[in-house]
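Next comes query.txt, with compact mmCIF, C-alpha atoms (C1' of nucleotides).
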```
# COMPACT_ATOMS: atom_id res chain seq x y z
CA MET A 29 -17.00 -39.73 81.13
CA ALA A 30 -20.58 -40.71 81.78
CA VAL A 31 -23.01 -40.94 78.93
CA GLY A 32 -25.89 -38.54 79.19
CA GLU A 33 -23.91 -35.41 79.84
CA SER A 34 -25.58 -32.38 78.41
CA THR A 35 -22.64 -31.68 76.16
CA VAL A 36 -22.95 -34.97 74.39
CA LEU A 37 -26.59 -35.87 74.13
CA ARG A 38 -29.72 -33.93 73.48
CA THR A 39 -33.09 -35.22 74.65
CA GLU A 40 -36.33 -34.61 72.84
CA GLY A 41 -39.68 -36.31 73.11
CA GLY A 42 -38.33 -39.08 75.28
CA LEU A 43 -35.61 -39.99 72.81
CA LYS A 44 -32.01 -38.95 72.78
CA TYR A 45 -30.06 -37.58 69.88
CA PHE A 46 -26.40 -37.23 69.10
CA PRO A 47 -25.33 -33.75 68.16
CA PRO A 48 -24.87 -33.52 64.39
CA GLU A 49 -21.07 -33.85 64.35
CA ARG A 50 -21.15 -37.04 66.36
CA GLU A 51 -23.98 -38.43 64.30
CA ALA A 52 -22.05 -37.59 61.13
CA ALA A 53 -18.90 -39.28 62.37
CA TRP A 54 -20.72 -42.48 63.30
CA PHE A 55 -23.01 -42.64 60.31
CA GLY A 56 -20.14 -41.69 58.03
CA LEU A 57 -18.02 -44.55 59.31
CA LEU A 58 -20.83 -46.95 58.56
CA ALA A 59 -21.61 -45.50 55.16
CA ALA A 60 -18.01 -45.12 54.03
CA HIS A 61 -17.16 -48.64 55.10
CA ALA A 62 -20.17 -50.10 53.32
CA GLU A 63 -19.51 -48.09 50.19
CA LEU A 64 -15.88 -49.07 50.03
CA THR A 65 -16.13 -52.73 50.86
CA ARG A 66 -19.02 -53.27 48.48
CA GLY A 67 -17.24 -51.47 45.70
CA LEU A 68 -14.05 -53.39 46.27
CA ASP A 69 -15.81 -56.70 46.53
CA ALA A 70 -17.72 -56.07 43.34
CA ALA A 71 -14.65 -55.01 41.39
CA LEU A 72 -12.47 -57.86 42.64
CA SER A 73 -15.17 -60.45 42.04
CA ALA A 74 -15.95 -59.22 38.56
CA ARG A 75 -12.39 -58.90 37.37
CA HIS A 76 -10.58 -61.64 39.25
CA GLY A 77 -13.15 -63.93 40.81
CA LEU A 78 -11.97 -63.07 44.30
CA SER A 79 -14.19 -61.88 47.11
CA LEU A 80 -12.75 -59.10 49.20
CA SER A 81 -12.12 -61.62 51.98
CA ALA A 82 -10.32 -63.96 49.65
CA TYR A 83 -8.25 -61.12 48.28
CA GLU A 84 -7.32 -59.97 51.76
CA VAL A 85 -6.21 -63.43 52.74
CA LEU A 86 -4.23 -64.06 49.59
CA SER A 87 -2.69 -60.63 49.64
CA ARG A 88 -1.58 -60.81 53.28
CA LEU A 89 -0.09 -64.15 52.50
CA ALA A 90 1.79 -62.96 49.45
CA HIS A 91 3.19 -59.98 51.33
CA ALA A 92 4.21 -61.87 54.42
CA PRO A 93 7.92 -62.27 54.97
CA GLY A 94 8.67 -65.87 54.11
CA VAL A 95 5.36 -66.06 52.22
CA ARG A 96 3.87 -68.25 54.90
CA LEU A 97 1.71 -67.39 57.85
CA ARG A 98 0.00 -69.39 60.50
CA MET A 99 -3.77 -69.36 60.28
CA SER A 100 -4.22 -67.34 63.43
CA GLU A 101 -1.82 -64.66 62.21
CA LEU A 102 -3.65 -64.57 58.94
CA ALA A 103 -6.93 -64.09 60.74
CA ALA A 104 -5.55 -61.26 62.82
CA ARG A 105 -4.15 -59.45 59.81
CA SER A 106 -7.15 -59.87 57.59
CA GLN A 107 -9.81 -58.88 60.09
CA LEU A 108 -11.59 -62.19 59.74
CA SER A 109 -12.49 -64.84 62.25
CA LEU A 110 -10.32 -67.89 62.40
CA SER A 111 -13.12 -70.04 61.09
CA ARG A 112 -13.63 -67.80 58.10
CA VAL A 113 -9.94 -67.86 57.29
CA SER A 114 -9.99 -71.62 57.47
CA ARG A 115 -12.84 -71.80 54.99
CA VAL A 116 -11.47 -69.16 52.67
CA THR A 117 -8.24 -71.11 52.65
CA ASP A 118 -10.21 -74.21 51.64
CA VAL A 119 -11.48 -72.38 48.61
CA LEU A 120 -8.13 -70.89 47.71
CA GLU A 121 -6.56 -74.30 48.05
CA ASP A 122 -9.16 -75.87 45.78
CA ARG A 123 -8.42 -73.23 43.21
CA GLY A 124 -4.72 -73.87 43.48
CA LEU A 125 -3.95 -70.38 44.74
CA ALA A 126 -2.86 -71.28 48.23
CA ALA A 127 -1.64 -74.34 50.08
CA ARG A 128 -1.47 -75.56 53.65
CA LYS A 129 1.85 -76.75 55.05
CA SER A 130 2.28 -78.31 58.41
CA CYS A 131 4.73 -76.65 60.72
CA PRO A 132 7.82 -78.80 61.37
CA THR A 133 8.28 -77.71 64.97
CA ASP A 134 4.67 -77.78 66.12
CA SER A 135 2.18 -79.94 64.32
CA ARG A 136 -0.82 -78.15 65.73
CA VAL A 137 0.17 -75.18 63.67
CA VAL A 138 -0.81 -74.84 60.03
CA HIS A 139 1.09 -72.54 57.77
CA ALA A 140 -0.74 -71.15 54.80
CA THR A 141 1.31 -70.33 51.75
CA VAL A 142 0.61 -68.91 48.36
CA THR A 143 1.33 -70.82 45.15
CA ASP A 144 2.99 -69.32 42.11
CA GLU A 145 -0.40 -69.05 40.52
CA GLY A 146 -1.77 -67.33 43.58
CA ARG A 147 1.10 -64.91 43.67
CA ALA A 148 0.52 -64.06 40.03
CA LEU A 149 -3.15 -63.44 40.68
CA VAL A 150 -2.38 -61.14 43.59
CA GLY A 151 -0.07 -59.18 41.32
CA VAL A 152 -2.88 -58.57 38.89
CA ALA A 153 -5.67 -58.08 41.41
CA GLN A 154 -3.60 -55.54 43.31
CA ASP A 155 -4.06 -53.08 40.51
CA THR A 156 -7.80 -53.29 40.90
CA PHE A 157 -7.53 -53.04 44.65
CA PHE A 158 -5.33 -49.96 44.68
CA GLU A 159 -7.32 -48.36 41.93
CA VAL A 160 -10.60 -48.63 43.79
CA ILE A 161 -9.13 -47.55 47.12
CA GLU A 162 -7.53 -44.47 45.62
CA GLU A 163 -10.48 -43.60 43.48
CA ARG A 164 -13.11 -43.87 46.16
CA PHE A 165 -11.23 -43.24 49.34
CA LEU A 166 -7.67 -42.09 49.78
CA GLY A 167 -7.46 -40.22 46.51
CA ARG A 168 -10.21 -37.93 47.71
CA LEU A 169 -8.32 -36.97 50.84
CA SER A 170 -5.34 -34.73 51.42
CA CYS A 171 -2.18 -36.30 52.75
CA GLU A 172 -2.80 -34.65 56.12
CA GLU A 173 -6.24 -36.19 56.26
CA VAL A 174 -4.90 -39.62 55.42
CA GLY A 175 -2.35 -39.30 58.18
CA LEU A 176 -4.96 -38.18 60.63
CA LEU A 177 -7.25 -41.09 59.83
CA GLY A 178 -4.37 -43.48 60.33
CA SER A 179 -3.53 -42.04 63.70
CA ILE A 180 -7.13 -41.91 64.88
CA PHE A 181 -7.91 -45.46 63.84
CA GLY A 182 -4.59 -46.65 65.12
CA ARG A 183 -5.40 -45.27 68.53
CA LEU A 184 -8.84 -46.89 68.57
CA VAL A 185 -7.56 -50.27 67.56
CA ALA A 186 -4.59 -50.15 69.88
CA ALA A 187 -6.90 -49.34 72.78
CA GLY A 188 -8.44 -52.73 72.22
CA PRO A 189 -11.92 -54.09 72.60
CA GLN A 190 -12.44 -53.63 76.32
CA PRO A 191 -11.12 -50.52 78.04
CA ARG A 192 -12.12 -52.02 81.32
CA ALA A 193 -15.13 -49.73 81.66
CA MET B 27 -4.66 -39.26 39.38
CA ALA B 28 -3.43 -42.52 38.00
CA VAL B 29 -2.70 -45.37 40.30
CA GLY B 30 0.88 -46.47 40.29
CA GLU B 31 2.52 -43.11 40.67
CA SER B 32 5.73 -43.31 42.59
CA THR B 33 4.36 -41.07 45.33
CA VAL B 34 1.58 -43.48 46.14
CA LEU B 35 2.82 -46.98 45.61
CA ARG B 36 6.07 -48.72 46.26
CA THR B 37 7.05 -51.82 44.32
CA GLU B 38 9.11 -54.63 45.68
CA GLY B 39 9.64 -58.16 44.53
CA GLY B 40 6.89 -57.92 41.94
CA LEU B 41 4.29 -56.81 44.47
CA LYS B 42 3.11 -53.34 45.30
CA TYR B 43 2.79 -51.80 48.70
CA PHE B 44 0.94 -48.84 50.09
CA PRO B 45 3.08 -46.44 52.04
CA PRO B 46 2.49 -46.91 55.78
CA GLU B 47 0.12 -43.98 56.26
CA ARG B 48 -2.19 -45.15 53.51
CA GLU B 49 -2.03 -48.71 54.73
CA ALA B 50 -2.86 -47.52 58.24
CA ALA B 51 -5.83 -45.49 57.07
CA TRP B 52 -7.33 -48.36 55.12
CA PHE B 53 -6.58 -51.08 57.62
CA GLY B 54 -7.73 -48.84 60.43
CA LEU B 55 -11.06 -48.23 58.78
CA LEU B 56 -11.58 -51.95 58.49
CA ALA B 57 -10.42 -52.71 62.01
CA ALA B 58 -12.28 -49.87 63.68
CA HIS B 59 -15.48 -50.71 61.89
CA ALA B 60 -15.24 -54.37 62.79
CA GLU B 61 -14.41 -53.61 66.40
CA LEU B 62 -17.26 -51.17 66.79
CA THR B 63 -20.01 -53.03 65.01
CA ARG B 64 -19.17 -56.29 66.76
CA GLY B 65 -19.10 -54.61 70.12
CA LEU B 66 -22.36 -52.82 69.51
CA ASP B 67 -24.05 -55.90 68.18
CA ALA B 68 -22.94 -57.98 71.12
CA ALA B 69 -24.05 -55.39 73.68
CA LEU B 70 -27.42 -54.74 72.05
CA SER B 71 -28.11 -58.45 71.59
CA ALA B 72 -27.17 -59.34 75.12
CA ARG B 73 -29.05 -56.54 76.84
CA HIS B 74 -32.03 -55.98 74.58
CA GLY B 75 -32.28 -58.88 72.16
CA LEU B 76 -31.73 -56.58 69.20
CA SER B 77 -29.11 -57.09 66.52
CA LEU B 78 -27.34 -53.94 65.41
CA SER B 79 -29.37 -54.03 62.21
CA ALA B 80 -32.62 -54.35 64.09
CA TYR B 81 -31.64 -51.53 66.38
CA GLU B 82 -30.71 -49.31 63.47
CA VAL B 83 -34.03 -49.94 61.79
CA LEU B 84 -36.08 -49.42 64.91
CA SER B 85 -34.14 -46.36 65.91
CA ARG B 86 -34.37 -44.66 62.51
CA LEU B 87 -38.05 -45.34 62.62
CA ALA B 88 -38.56 -43.92 66.08
CA HIS B 89 -36.62 -40.78 65.20
CA ALA B 90 -38.32 -40.18 61.87
CA PRO B 91 -40.62 -37.19 61.72
CA GLY B 92 -44.10 -38.65 61.71
CA VAL B 93 -42.70 -41.91 63.07
CA ARG B 94 -43.24 -43.63 59.75
CA LEU B 95 -40.94 -44.27 56.85
CA ARG B 96 -41.27 -46.09 53.59
CA MET B 97 -39.21 -49.23 53.36
CA SER B 98 -36.88 -47.79 50.77
CA GLU B 99 -36.17 -44.73 52.90
CA LEU B 100 -35.53 -46.96 55.85
CA ALA B 101 -33.05 -48.99 53.81
CA ALA B 102 -31.21 -45.87 52.70
CA ARG B 103 -30.95 -44.51 56.21
CA SER B 104 -29.90 -47.72 57.87
CA GLN B 105 -27.26 -48.78 55.33
CA LEU B 106 -29.10 -52.03 54.64
CA SER B 107 -30.41 -53.56 51.46
CA LEU B 108 -34.11 -53.36 50.83
CA SER B 109 -34.49 -57.08 51.22
CA ARG B 110 -32.73 -57.04 54.55
CA VAL B 111 -34.96 -54.25 55.80
CA SER B 112 -37.98 -56.20 54.70
CA ARG B 113 -36.90 -59.22 56.70
CA VAL B 114 -35.79 -57.27 59.73
CA THR B 115 -39.20 -55.62 59.69
CA ASP B 116 -40.80 -59.07 59.63
CA VAL B 117 -39.01 -59.92 62.83
CA LEU B 118 -39.76 -56.61 64.50
CA GLU B 119 -43.39 -56.99 63.52
CA ASP B 120 -43.55 -60.49 64.97
CA ARG B 121 -42.16 -59.16 68.20
CA GLY B 122 -44.71 -56.37 68.25
CA LEU B 123 -42.09 -53.64 68.00
CA ALA B 124 -42.97 -52.33 64.56
CA ALA B 125 -45.90 -52.46 62.15
CA ARG B 126 -46.47 -52.10 58.44
CA LYS B 127 -49.10 -49.65 57.22
CA SER B 128 -50.18 -49.28 53.63
CA CYS B 129 -49.82 -45.86 52.11
CA PRO B 130 -53.19 -44.24 51.31
CA THR B 131 -52.00 -42.46 48.19
CA ASP B 132 -49.90 -45.23 46.63
CA SER B 133 -50.60 -48.81 47.48
CA ARG B 134 -47.26 -50.03 46.25
CA VAL B 135 -45.66 -48.18 49.10
CA VAL B 136 -45.39 -49.67 52.56
CA HIS B 137 -44.86 -47.46 55.57
CA ALA B 138 -43.11 -48.95 58.53
CA THR B 139 -44.01 -47.58 61.94
CA VAL B 140 -42.92 -48.25 65.47
CA THR B 141 -45.34 -49.43 68.15
CA ASP B 142 -45.48 -48.03 71.68
CA GLU B 143 -43.60 -51.07 72.85
CA GLY B 144 -41.00 -50.57 70.16
CA ARG B 145 -40.58 -46.94 71.06
CA ALA B 146 -40.09 -47.87 74.68
CA LEU B 147 -37.44 -50.41 73.74
CA VAL B 148 -35.57 -47.88 71.65
CA GLY B 149 -35.59 -45.55 74.63
CA VAL B 150 -33.86 -48.16 76.74
CA ALA B 151 -31.56 -49.57 74.07
CA GLN B 152 -30.34 -46.09 73.20
CA ASP B 153 -28.48 -45.91 76.45
CA THR B 154 -26.52 -49.01 75.53
CA PHE B 155 -25.93 -47.72 72.05
CA PHE B 156 -24.61 -44.33 73.11
CA GLU B 157 -22.59 -45.84 75.88
CA VAL B 158 -20.73 -48.20 73.58
CA ILE B 159 -20.18 -45.59 70.89
CA GLU B 160 -18.75 -43.10 73.37
CA GLU B 161 -16.72 -45.64 75.21
CA ARG B 162 -15.10 -47.25 72.24
CA PHE B 163 -15.17 -44.56 69.60
CA LEU B 164 -16.13 -40.94 69.97
CA GLY B 165 -15.19 -40.66 73.61
CA ARG B 166 -11.60 -41.44 72.68
CA LEU B 167 -11.41 -38.60 70.21
CA SER B 168 -11.15 -34.86 70.63
CA CYS B 169 -14.01 -32.71 69.40
CA GLU B 170 -11.85 -31.53 66.52
CA GLU B 171 -11.17 -35.09 65.49
CA VAL B 172 -14.85 -35.94 65.61
CA GLY B 173 -15.62 -32.99 63.41
CA LEU B 174 -12.91 -33.93 61.00
CA LEU B 175 -14.14 -37.49 60.69
CA GLY B 176 -17.61 -36.22 60.00
CA SER B 177 -16.43 -33.93 57.26
CA ILE B 178 -14.16 -36.51 55.65
CA PHE B 179 -16.79 -39.24 55.63
CA GLY B 180 -19.44 -36.79 54.55
CA ARG B 181 -17.38 -35.89 51.54
CA LEU B 182 -16.79 -39.53 50.61
CA VAL B 183 -20.41 -40.46 50.88
CA ALA B 184 -21.65 -37.36 49.11
CA ALA B 185 -19.32 -38.12 46.21
CA GLY B 186 -21.33 -41.26 45.64
CA PRO B 187 -20.45 -44.73 44.48
CA GLN B 188 -19.23 -44.01 40.97
CA PRO B 189 -17.17 -40.91 40.25
CA ARG B 190 -17.37 -41.70 36.57
CA ALA B 191 -13.88 -43.10 36.44
C1' DG C 6 6.12 -90.77 81.51
C1' DA C 7 1.23 -90.19 82.31
C1' DG C 8 -2.30 -87.14 83.05
C1' DA C 9 -4.08 -82.15 83.42
C1' DG C 10 -4.47 -78.22 81.25
C1' DG C 11 -3.34 -75.04 77.44
C1' DT C 12 -2.96 -73.77 72.49
C1' DG C 13 -3.96 -73.97 67.35
C1' DT C 14 -7.21 -75.30 63.87
C1' DT C 15 -11.38 -77.16 61.88
C1' DT C 16 -16.24 -78.15 61.76
C1' DG C 17 -21.42 -77.98 62.93
C1' DC C 18 -24.69 -74.87 62.99
C1' DA C 19 -27.69 -70.93 62.79
C1' DG C 20 -28.25 -66.28 61.51
C1' DA C 21 -27.08 -62.33 58.44
C1' DA C 22 -26.66 -60.41 53.96
C1' DG C 23 -27.55 -59.32 49.23
C1' DC C 24 -28.81 -60.31 44.33
C1' DA C 25 -32.10 -61.22 41.16
C1' DA C 26 -36.56 -62.86 40.02
C1' DG C 27 -41.36 -62.23 41.08
C1' DC C 28 -45.48 -59.71 42.18
C1' DA C 29 -48.42 -55.82 42.67
C1' DT C 30 -49.43 -51.26 41.57
C1' DA C 31 -48.88 -46.82 39.26
C1' DT C 32 -47.92 -43.91 35.21
C1' DC C 33 -47.35 -42.78 30.59
C1' DA C 34 -48.16 -42.87 25.54
C1' DT C 35 -51.21 -43.55 22.21
C1' DA D 14 -59.20 -47.02 27.61
C1' DT D 15 -55.21 -50.15 27.04
C1' DG D 16 -50.97 -51.87 26.64
C1' DA D 17 -45.92 -50.73 27.74
C1' DT D 18 -42.87 -49.36 31.05
C1' DA D 19 -41.44 -47.94 35.61
C1' DT D 20 -41.57 -48.26 40.61
C1' DG D 21 -41.86 -50.34 45.34
C1' DC D 22 -41.68 -54.23 48.00
C1' DT D 23 -41.13 -59.24 48.97
C1' DT D 24 -39.32 -63.85 48.33
C1' DG D 25 -36.09 -67.69 46.74
C1' DC D 26 -31.62 -68.78 46.68
C1' DT D 27 -26.75 -68.70 47.58
C1' DT D 28 -22.95 -67.07 49.98
C1' DC D 29 -20.75 -65.08 54.02
C1' DT D 30 -19.96 -64.93 58.83
C1' DG D 31 -18.91 -66.02 63.46
C1' DC D 32 -19.69 -68.64 67.78
C1' DA D 33 -18.99 -72.59 70.17
C1' DA D 34 -17.99 -77.34 70.28
C1' DA D 35 -14.87 -80.71 68.73
C1' DC D 36 -10.41 -82.21 67.70
C1' DA D 37 -5.38 -82.60 67.64
C1' DC D 38 -1.34 -81.69 69.57
C1' DC D 39 1.96 -79.63 72.94
C1' DT D 40 3.78 -78.72 77.72
C1' DC D 41 4.12 -78.81 82.37
C1' DT D 42 3.88 -81.11 86.72
C1' DC D 43 4.31 -84.74 89.71
```
Structure rendered as structure tokens:
Amino acid sequence: MAVGESTVLRTEGGLKYFPPEREAAWFGLLAAHAELTRGLDAALSARHGLSLSAYEVLSRLAHAPGVRLRMSELAARSQLSLSRVSRVTDVLEDRGLAARKSCPTDSRVVHATVTDEGRALVGVAQDTFFEVIEERFLGRLSCEEVGLLGSIFGRLVAAGPQPRA
Amino acid sequence: MAVGESTVLRTEGGLKYFPPEREAAWFGLLAAHAELTRGLDAALSARHGLSLSAYEVLSRLAHAPGVRLRMSELAARSQLSLSRVSRVTDVLEDRGLAARKSCPTDSRVVHATVTDEGRALVGVAQDTFFEVIEERFLGRLSCEEVGLLGSIFGRLVAAGPQPRA
DNA sequence: GAGAGGTGTTTGCAGAAGCAAGCATATCAT
DNA sequence: ATGATATGCTTGCTTCTGCAAACACCTCTC
């Protein structure tokens, strides 16, 4: 589908415009994401001293089967770059919330794990996390809408970065 | 609606879990946003030397009625902090794409405007912008889904940051 | 079993982002 | 008029972020 079709774009004064629904969907994604992540980050930082990134990392770790995850897996699950995960892990390690373990079968691999203290903190911080998410996001949607969002986003993410276009 | 109701959260081994649909909606929002903004930023930077932020600012400016906007309005429309807008404007000004004008009726206010060169660049960069958005986002959705996203996000954003909870 | 190439992680760096303090101007109360 | 307060923008500082280069280790081939 080529861009520039009359059904998708409107031209006026040399500039193009999205039709309102498309503009709303795009702008809304931006605005909703910003609203949510800032709110979450603020709440988690204030109450538990964890940035949203740090919470994501620690939480993924605590929920992982075996409570250990290689760095690259952690990065994939927490939507952060590998380098960021490495540095966040530094901080969590310094605070005694996480630890690095070397993998017995492949010493290139680093497994991150969560300490007892870290696990306890996740348990507490979760309440804040779920509270904010429900209050500002999912709680304002019907179950059908939540399901629809999941399926839409799932499709986008599954399609991957480059659809070979 | 209190968090922790059995319909919303599942508890296991001392940790709580979202049911899959809710997890998918939240994770999907994060993943889709990251995917899209990184793709857009990369494409705009490579082809036009504009970061996504710079493009947003310049584009909002070019599309504004009167082609001028106060800095605070610009910040609101482009989902950026005021300080970021100020600095992005510095760069755009240095590159001759935008200009600051003082407001005749209130000299605290600064109006940002776009130059002819800036307007021309927006005209070109738009094609990249719309192409990426359609290719990776809206083009993969039905019109109904686009409309639904718009209405869902619109509701979230309209509700504002703090619902007095 | 030694080197070529691949994979997993960390580190150097440079840019992006926002908060809070600072500065300039306007507005309001007296 | 004049000080007190509010508003709009910019700047100083710190943190976050990711890319790409570096590094360490594994694996495969000959």
Matching every Cα in sequence order between the two identical chains, what are the coordinates of chain A once fitted onto chain B? Write them as a compact mmCIF listing (two decimals) with C-alpha atoms, keeping the file's coordinate frame.
```
# COMPACT_ATOMS: atom_id res chain seq x y z
CA MET A 29 -4.64 -39.39 39.24
CA ALA A 30 -3.35 -42.66 37.89
CA VAL A 31 -2.58 -45.49 40.23
CA GLY A 32 1.02 -46.55 40.21
CA GLU A 33 2.57 -43.15 40.66
CA SER A 34 5.78 -43.32 42.58
CA THR A 35 4.39 -41.12 45.31
CA VAL A 36 1.63 -43.51 46.11
CA LEU A 37 2.89 -47.02 45.64
CA ARG A 38 6.13 -48.75 46.34
CA THR A 39 7.12 -51.88 44.44
CA GLU A 40 9.17 -54.67 45.89
CA GLY A 41 9.69 -58.22 44.75
CA GLY A 42 6.98 -58.00 42.14
CA LEU A 43 4.37 -56.87 44.64
CA LYS A 44 3.21 -53.39 45.42
CA TYR A 45 2.83 -51.82 48.81
CA PHE A 46 0.96 -48.84 50.14
CA PRO A 47 3.08 -46.41 52.07
CA PRO A 48 2.48 -46.87 55.80
CA GLU A 49 0.08 -43.94 56.26
CA ARG A 50 -2.20 -45.14 53.51
CA GLU A 51 -2.05 -48.69 54.75
CA ALA A 52 -2.88 -47.48 58.26
CA ALA A 53 -5.85 -45.46 57.06
CA TRP A 54 -7.32 -48.37 55.10
CA PHE A 55 -6.59 -51.08 57.62
CA GLY A 56 -7.74 -48.82 60.43
CA LEU A 57 -11.08 -48.23 58.76
CA LEU A 58 -11.58 -51.96 58.48
CA ALA A 59 -10.43 -52.71 62.00
CA ALA A 60 -12.29 -49.85 63.67
CA HIS A 61 -15.49 -50.70 61.85
CA ALA A 62 -15.26 -54.37 62.78
CA GLU A 63 -14.42 -53.58 66.38
CA LEU A 64 -17.27 -51.16 66.77
CA THR A 65 -20.01 -53.04 65.00
CA ARG A 66 -19.17 -56.28 66.75
CA GLY A 67 -19.09 -54.60 70.11
CA LEU A 68 -22.36 -52.84 69.51
CA ASP A 69 -24.04 -55.92 68.17
CA ALA A 70 -22.91 -57.96 71.13
CA ALA A 71 -24.03 -55.40 73.68
CA LEU A 72 -27.40 -54.77 72.05
CA SER A 73 -28.10 -58.46 71.59
CA ALA A 74 -27.15 -59.35 75.14
CA ARG A 75 -29.04 -56.57 76.84
CA HIS A 76 -32.03 -56.03 74.58
CA GLY A 77 -32.24 -58.92 72.15
CA LEU A 78 -31.71 -56.62 69.19
CA SER A 79 -29.10 -57.12 66.51
CA LEU A 80 -27.34 -53.98 65.41
CA SER A 81 -29.36 -54.06 62.19
CA ALA A 82 -32.61 -54.38 64.06
CA TYR A 83 -31.63 -51.57 66.38
CA GLU A 84 -30.72 -49.33 63.47
CA VAL A 85 -34.03 -49.96 61.79
CA LEU A 86 -36.10 -49.46 64.91
CA SER A 87 -34.14 -46.42 65.95
CA ARG A 88 -34.40 -44.68 62.57
CA LEU A 89 -38.07 -45.38 62.66
CA ALA A 90 -38.58 -44.00 66.14
CA HIS A 91 -36.66 -40.84 65.29
CA ALA A 92 -38.34 -40.20 61.98
CA PRO A 93 -40.66 -37.23 61.85
CA GLY A 94 -44.14 -38.69 61.85
CA VAL A 95 -42.72 -41.97 63.17
CA ARG A 96 -43.30 -43.65 59.84
CA LEU A 97 -40.97 -44.22 56.95
CA ARG A 98 -41.28 -45.98 53.67
CA MET A 99 -39.18 -49.11 53.38
CA SER A 100 -36.84 -47.64 50.82
CA GLU A 101 -36.16 -44.60 53.00
CA LEU A 102 -35.52 -46.88 55.91
CA ALA A 103 -33.05 -48.86 53.87
CA ALA A 104 -31.21 -45.75 52.79
CA ARG A 105 -30.93 -44.43 56.32
CA SER A 106 -29.92 -47.67 57.94
CA GLN A 107 -27.27 -48.70 55.44
CA LEU A 108 -29.03 -51.95 54.69
CA SER A 109 -30.34 -53.42 51.48
CA LEU A 110 -34.03 -53.18 50.85
CA SER A 111 -34.41 -56.91 51.18
CA ARG A 112 -32.71 -56.93 54.54
CA VAL A 113 -34.93 -54.15 55.80
CA SER A 114 -37.95 -56.08 54.66
CA ARG A 115 -36.86 -59.13 56.60
CA VAL A 116 -35.79 -57.24 59.68
CA THR A 117 -39.19 -55.60 59.64
CA ASP A 118 -40.77 -59.07 59.54
CA VAL A 119 -38.99 -59.93 62.74
CA LEU A 120 -39.77 -56.65 64.44
CA GLU A 121 -43.38 -57.04 63.45
CA ASP A 122 -43.54 -60.55 64.87
CA ARG A 123 -42.15 -59.23 68.11
CA GLY A 124 -44.70 -56.46 68.18
CA LEU A 125 -42.10 -53.71 67.97
CA ALA A 126 -42.96 -52.40 64.55
CA ALA A 127 -45.88 -52.51 62.16
CA ARG A 128 -46.47 -52.10 58.45
CA LYS A 129 -49.10 -49.64 57.25
CA SER A 130 -50.14 -49.25 53.69
CA CYS A 131 -49.83 -45.80 52.23
CA PRO A 132 -53.22 -44.21 51.48
CA THR A 133 -52.08 -42.36 48.37
CA ASP A 134 -49.96 -45.07 46.77
CA SER A 135 -50.59 -48.67 47.60
CA ARG A 136 -47.25 -49.85 46.31
CA VAL A 137 -45.67 -48.03 49.17
CA VAL A 138 -45.35 -49.58 52.61
CA HIS A 139 -44.85 -47.41 55.62
CA ALA A 140 -43.11 -48.94 58.58
CA THR A 141 -44.01 -47.61 61.98
CA VAL A 142 -42.94 -48.31 65.50
CA THR A 143 -45.35 -49.52 68.18
CA ASP A 144 -45.48 -48.15 71.69
CA GLU A 145 -43.59 -51.19 72.83
CA GLY A 146 -40.99 -50.65 70.16
CA ARG A 147 -40.60 -47.03 71.08
CA ALA A 148 -40.09 -47.99 74.70
CA LEU A 149 -37.45 -50.51 73.74
CA VAL A 150 -35.59 -47.96 71.65
CA GLY A 151 -35.59 -45.63 74.64
CA VAL A 152 -33.87 -48.23 76.74
CA ALA A 153 -31.55 -49.62 74.08
CA GLN A 154 -30.36 -46.14 73.19
CA ASP A 155 -28.49 -45.96 76.44
CA THR A 156 -26.52 -49.03 75.51
CA PHE A 157 -25.94 -47.73 72.02
CA PHE A 158 -24.64 -44.33 73.08
CA GLU A 159 -22.61 -45.83 75.85
CA VAL A 160 -20.74 -48.19 73.56
CA ILE A 161 -20.21 -45.58 70.85
CA GLU A 162 -18.79 -43.06 73.29
CA GLU A 163 -16.74 -45.57 75.16
CA ARG A 164 -15.11 -47.19 72.18
CA PHE A 165 -15.20 -44.52 69.55
CA LEU A 166 -16.19 -40.90 69.90
CA GLY A 167 -15.23 -40.59 73.54
CA ARG A 168 -11.66 -41.36 72.61
CA LEU A 169 -11.49 -38.52 70.11
CA SER A 170 -11.24 -34.78 70.53
CA CYS A 171 -14.10 -32.67 69.28
CA GLU A 172 -11.93 -31.47 66.39
CA GLU A 173 -11.25 -35.05 65.40
CA VAL A 174 -14.92 -35.93 65.51
CA GLY A 175 -15.69 -32.98 63.29
CA LEU A 176 -12.98 -33.92 60.88
CA LEU A 177 -14.19 -37.50 60.59
CA GLY A 178 -17.68 -36.25 59.89
CA SER A 179 -16.50 -33.96 57.14
CA ILE A 180 -14.22 -36.55 55.56
CA PHE A 181 -16.83 -39.28 55.54
CA GLY A 182 -19.48 -36.85 54.46
CA ARG A 183 -17.42 -35.94 51.44
CA LEU A 184 -16.82 -39.58 50.53
CA VAL A 185 -20.44 -40.53 50.80
CA ALA A 186 -21.67 -37.45 49.01
CA ALA A 187 -19.31 -38.19 46.13
CA GLY A 188 -21.30 -41.34 45.59
CA PRO A 189 -20.42 -44.79 44.41
CA GLN A 190 -19.23 -44.04 40.90
CA PRO A 191 -17.18 -40.92 40.22
CA ARG A 192 -17.39 -41.69 36.57
CA ALA A 193 -13.79 -42.88 36.42
```
Exercise for the section: Identify every residue of chain A that has at least one atom within 8 Å of any atom of chain C, counting all atoms listed in the file, and report the result as a PyMOL selection string. Expected result: chain A and resi 99-100+111+114+136-138
Fill in the blank from the handout: Counting all atoms listed in the file, the residue among B:Ala57, B:Leu84, B:Ile159, B:Ala51 that lies closest to Thr141 of chain B is B:Leu84
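The part of chain B that reaches within 12 Å of chain D is made up of Arg64, Ala68, Arg96, Met97, Ser98, Glu99, Ala101, Ser107, Leu108, Ser109, Arg110, Val111, Ser112, Arg113, Thr115, Asp116, Arg126, Ser128, Cys129, Asp132, Ser133, Arg134, Val135, Val136, His137 and Ala138 of chain B, counting all atoms listed in the file.
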